[in-house]
>>> print(open('start_11.tsv').read())   # TSV, C-alpha atoms
chain	number	residue	atom	x	y	z
A	1332	MET	CA	73.19	43.78	107.77
A	1333	ARG	CA	69.95	45.62	108.41
A	1334	LYS	CA	71.08	46.49	111.91
A	1335	LEU	CA	74.33	47.93	110.56
A	1336	ALA	CA	72.54	50.10	107.99
A	1337	LEU	CA	70.03	51.25	110.60
A	1338	GLY	CA	72.88	52.06	113.04
A	1339	ILE	CA	74.70	54.15	110.42
A	1340	ALA	CA	71.50	56.03	109.52
A	1341	ILE	CA	70.72	56.79	113.17
A	1342	GLY	CA	74.34	57.87	113.77
A	1343	LEU	CA	74.27	60.28	110.82
A	1344	LEU	CA	70.93	61.69	111.93
A	1345	ALA	CA	72.17	62.19	115.48
A	1346	SER	CA	75.43	63.84	114.43
A	1347	SER	CA	73.57	66.12	112.00
A	1348	THR	CA	71.20	67.20	114.75
A	1349	ILE	CA	74.09	67.94	117.13
A	1350	ALA	CA	76.01	69.89	114.47
A	1351	TRP	CA	72.85	71.89	113.64
A	1352	ALA	CA	72.57	72.96	117.28
A	1353	PHE	CA	75.94	74.80	117.22
A	1354	THR	CA	75.91	78.43	116.09
A	1355	VAL	CA	78.85	79.38	113.91
A	1356	LYS	CA	79.48	83.06	113.19
A	1357	PHE	CA	81.80	84.45	110.54
A	1358	PRO	CA	83.18	88.02	110.63
A	1359	ASN	CA	81.69	90.54	108.20
A	1360	THR	CA	85.12	91.22	106.70
A	1361	LEU	CA	87.90	88.72	106.33
A	1362	LYS	CA	91.49	89.92	106.76
A	1363	ILE	CA	94.16	88.18	104.77
A	1364	ARG	CA	97.83	88.76	105.53
A	1365	GLY	CA	99.99	87.83	102.57
A	1366	SER	CA	103.74	87.62	102.49
A	1367	ALA	CA	106.46	87.49	99.87
A	1368	THR	CA	110.11	86.49	100.01
A	1369	VAL	CA	112.46	89.43	99.47
A	1370	ASP	CA	116.23	89.89	99.33
A	1371	GLU	CA	118.27	92.15	101.61
A	1372	VAL	CA	117.21	95.37	99.85
A	1373	GLY	CA	113.52	94.57	99.44
A	1374	ASN	CA	113.45	93.20	95.88
A	1375	VAL	CA	110.69	90.60	95.61
A	1376	LEU	CA	111.89	87.08	94.74
A	1377	GLY	CA	109.90	84.28	93.13
A	1378	GLY	CA	107.76	86.31	90.73
A	1379	ALA	CA	105.31	87.78	93.26
A	1380	THR	CA	104.11	91.33	92.68
A	1381	PRO	CA	102.89	92.81	95.97
A	1382	LEU	CA	101.45	96.31	96.30
A	1383	GLN	CA	103.91	97.30	99.00
A	1384	VAL	CA	107.11	95.83	100.38
A	1385	GLU	CA	108.30	96.63	103.89
A	1386	VAL	CA	111.66	95.22	104.93
A	1387	THR	CA	111.26	94.71	108.66
A	1388	ASN	CA	114.63	93.13	109.39
A	1389	ALA	CA	116.88	95.43	107.36
A	1390	THR	CA	120.44	95.80	108.52
A	1391	PRO	CA	121.20	99.24	109.94
A	1392	THR	CA	122.99	101.47	107.48
A	1393	GLU	CA	126.15	103.31	108.36
A	1394	PRO	CA	126.25	107.11	108.08
A	1395	CYS	CA	127.40	107.76	104.55
A	1396	GLU	CA	129.17	110.57	102.71
A	1397	HIS	CA	128.66	109.98	98.98
A	1398	VAL	CA	131.75	110.37	96.81
A	1399	THR	CA	132.50	110.14	93.09
A	1400	ALA	CA	136.08	109.69	91.84
A	1401	ILE	CA	136.78	110.29	88.15
A	1402	PHE	CA	139.70	108.66	86.34
A	1403	ASP	CA	141.06	109.34	82.86
A	1404	THR	CA	144.33	108.28	81.25
A	1405	GLY	CA	144.17	111.32	78.97
A	1406	GLY	CA	144.47	109.30	75.77
A	1407	ASN	CA	147.71	107.62	76.88
A	1408	SER	CA	148.21	103.86	77.26
A	1409	VAL	CA	149.14	103.14	80.85
A	1410	THR	CA	149.62	100.08	83.08
A	1411	SER	CA	147.41	101.59	85.79
A	1412	THR	CA	145.59	104.80	86.59
A	1413	PRO	CA	145.10	106.28	90.05
A	1414	VAL	CA	141.50	106.62	91.19
A	1415	MET	CA	141.68	108.08	94.70
A	1416	THR	CA	143.21	107.78	98.16
A	1417	VAL	CA	140.80	106.89	100.95
A	1418	PRO	CA	140.98	109.65	103.59
A	1419	ALA	CA	142.06	109.07	107.20
A	1420	ALA	CA	139.47	107.66	109.64
A	1421	LYS	CA	137.22	106.65	106.71
A	1422	ASP	CA	136.56	103.52	104.64
A	1423	LEU	CA	135.22	103.62	101.10
A	1424	LEU	CA	132.38	101.32	100.02
A	1425	VAL	CA	132.40	101.24	96.19
A	1426	THR	CA	128.87	100.68	94.85
A	1427	ASP	CA	129.01	101.63	91.14
A	1428	ILE	CA	131.62	101.80	88.40
A	1429	THR	CA	131.24	103.58	85.07
A	1430	PHE	CA	133.97	102.49	82.71
A	1431	ALA	CA	134.75	103.11	79.05
A	1432	ARG	CA	137.78	101.23	77.71
A	1433	ARG	CA	139.26	102.85	74.67
A	1434	VAL	CA	142.22	100.58	73.93
A	1435	GLY	CA	143.77	97.56	75.60
A	1436	ASN	CA	142.93	94.62	77.77
A	1437	ASP	CA	139.32	94.11	78.87
A	1438	GLN	CA	140.22	92.21	82.08
A	1439	VAL	CA	140.53	94.94	84.70
A	1440	ALA	CA	141.01	95.12	88.49
A	1441	LEU	CA	140.15	97.82	90.99
A	1442	GLN	CA	142.95	97.38	93.50
A	1443	THR	CA	145.20	99.04	96.06
A	1444	GLN	CA	148.58	100.47	95.10
A	1445	GLY	CA	150.24	97.33	96.52
A	1446	ASN	CA	148.42	95.18	93.90
A	1447	SER	CA	145.87	93.78	96.35
A	1448	ASN	CA	142.90	93.08	94.07
A	1449	ARG	CA	139.55	94.00	95.60
A	1450	LEU	CA	137.41	93.74	92.47
A	1451	ALA	CA	138.24	92.16	89.12
A	1452	PHE	CA	135.85	92.49	86.20
A	1453	THR	CA	135.55	92.32	82.43
A	1454	ALA	CA	135.17	95.73	80.90
A	1455	SER	CA	134.53	94.79	77.28
A	1456	THR	CA	131.38	96.93	77.16
A	1457	ALA	CA	130.96	100.50	78.27
A	1458	GLY	CA	128.31	101.29	80.80
A	1459	PRO	CA	127.67	101.34	84.51
A	1460	ILE	CA	128.36	98.31	86.68
A	1461	THR	CA	126.26	98.23	89.85
A	1462	LEU	CA	127.61	96.01	92.59
A	1463	ARG	CA	125.15	93.98	94.69
A	1464	THR	CA	127.61	93.94	97.57
A	1465	PRO	CA	129.80	97.04	98.00
A	1466	VAL	CA	133.58	96.56	97.85
A	1467	ARG	CA	135.35	98.00	100.91
A	1468	PHE	CA	138.64	99.91	100.71
A	1469	PHE	CA	140.25	100.91	103.99
A	1470	GLU	CA	141.58	104.23	105.24
A	1471	GLY	CA	144.81	105.24	103.54
A	1472	ASP	CA	144.39	102.82	100.60
A	1473	ASP	CA	145.62	104.24	97.29
A	1474	ILE	CA	143.06	102.89	94.82
A	1475	VAL	CA	144.15	102.24	91.24
A	1476	LEU	CA	142.53	100.71	88.18
A	1477	ALA	CA	144.80	98.30	86.31
A	1478	PRO	CA	144.48	95.84	83.41
A	1479	PHE	CA	145.76	92.28	83.67
A	1480	GLY	CA	149.10	92.05	81.84
A	1481	ALA	CA	148.78	94.90	79.36
A	1482	THR	CA	148.27	98.62	79.00
A	1483	PHE	CA	145.01	100.41	78.40
A	1484	GLU	CA	143.33	103.75	77.80
A	1485	VAL	CA	140.27	104.39	79.96
A	1486	ILE	CA	137.90	107.02	81.21
A	1487	GLY	CA	135.27	106.57	83.88
A	1488	SER	CA	134.32	106.99	87.51
A	1489	ILE	CA	133.58	105.09	90.67
A	1490	VAL	CA	130.75	105.98	93.03
A	1491	GLY	CA	130.82	105.05	96.64
A	1492	CYS	CA	130.21	105.94	100.21
A	1493	LEU	CA	132.72	107.13	102.81
A	1494	VAL	CA	131.89	105.61	106.20
A	1495	PRO	CA	133.68	105.65	109.57
A	1496	ALA	CA	136.74	103.38	109.52
A	1497	ALA	CA	136.19	99.82	110.70
>>> encode(input="start_11.tsv", output="structure tokens")
Amino acid sequence: MRKLALGIAIGLLASSTIAWAFTVKFPNTLKIRGSATVDEVGNVLGGATPLQVEVTNATPTEPCEHVTAIFDTGGNSVTSTPVMTVPAAKDLLVTDITFARRVGNDQVALQTQGNSNRLAFTASTAGPITLRTPVRFFEGDDIVLAPFGATFEVIGSIVGCLVPAA
């Protein structure tokens, strides 16, 4: 048992002496590179609050011509109201909707004239609706706003971006 204890003591002493012989240098300033998880537009996820966010893998944006289309039923109850026709060689990416329902159904669809729903939403409260993913309407589409199964009176606008046709 003595030999074991003596062997351990000599081993520790020898390893300490060898470790002491190495010179270890640390830099004067330490650089720390932090990172945070962000969504596709650079909003920080998970509660982190960085000083600066740079999105390095952002998708390229298409050239955009901003457009606002205003709709108003003029105080009349209607089954649908025209919003706009998408011009030739362009597509419309709808990003925001401002909608004030005066009378009628609160289940509403932004659709083409042929009743092809592109966006259905509940419009029980007035105020802007910002879409996380833009809704695309194609060249030549006649865009209308229509309630589900009733008439309504509305006033509002859509905001979007005209881009080259896909």
>>> closest_residue(input="start_11.tsv", among="A:Glu1396, A:Asp1427, A:Asp1403, A:Asp1422", to="A:Thr1461", atoms="only C-alpha atoms")
A:Asp1427
>>> atom_distance(input="start_11.tsv", atom1="atom CA of A:Ser1346", atom2="atom CA of A:Lys1334")
18.1 Å
>>> residues_around(input="start_11.tsv", residues="A:Val1485", least_positions_apart="3", cutoff="10 Å", atoms="all atoms listed in the file", output="VMD selection string")
chain A and resid 1402 to 1409 1411 to 1412 1430 to 1435 1476 to 1477 1482 1488
>>> atom_distance(input="start_11.tsv", atom1="atom CA of A:Ala1451", atom2="atom CA of A:Ala1420")
25.7 Å
>>> atom_distance(input="start_11.tsv", atom1="atom CA of A:Ile1401", atom2="atom CA of A:Pro1413")
9.4 Å
>>> residues_around(input="start_11.tsv", residues="A:Cys1492", least_positions_apart="4", cutoff="10 Å", atoms="only C-alpha atoms", output="list of chain:residue names")
A:Glu1393, A:Pro1394, A:Cys1395, A:Glu1396, A:His1397, A:Val1398, A:Thr1399, A:Lys1421, A:Asp1422, A:Leu1423, A:Leu1424, A:Val1425, A:Thr1426, A:Pro1465, A:Arg1467
>>> axis_aligned_box(input="start_11.tsv", around="stretch 1404-1423 of chain A", padding_each_side="4 Å", output="JSON")
{"center_x": 142.4, "center_y": 105.7, "center_z": 92.7, "size_x": 22.4, "size_y": 19.2, "size_z": 41.9}
>>> closest_residue(input="start_11.tsv", among="A:Ile1341, A:Ile1428, A:Leu1462, A:Leu1450", to="A:Ile1486", atoms="all atoms listed in the file")
A:Ile1428
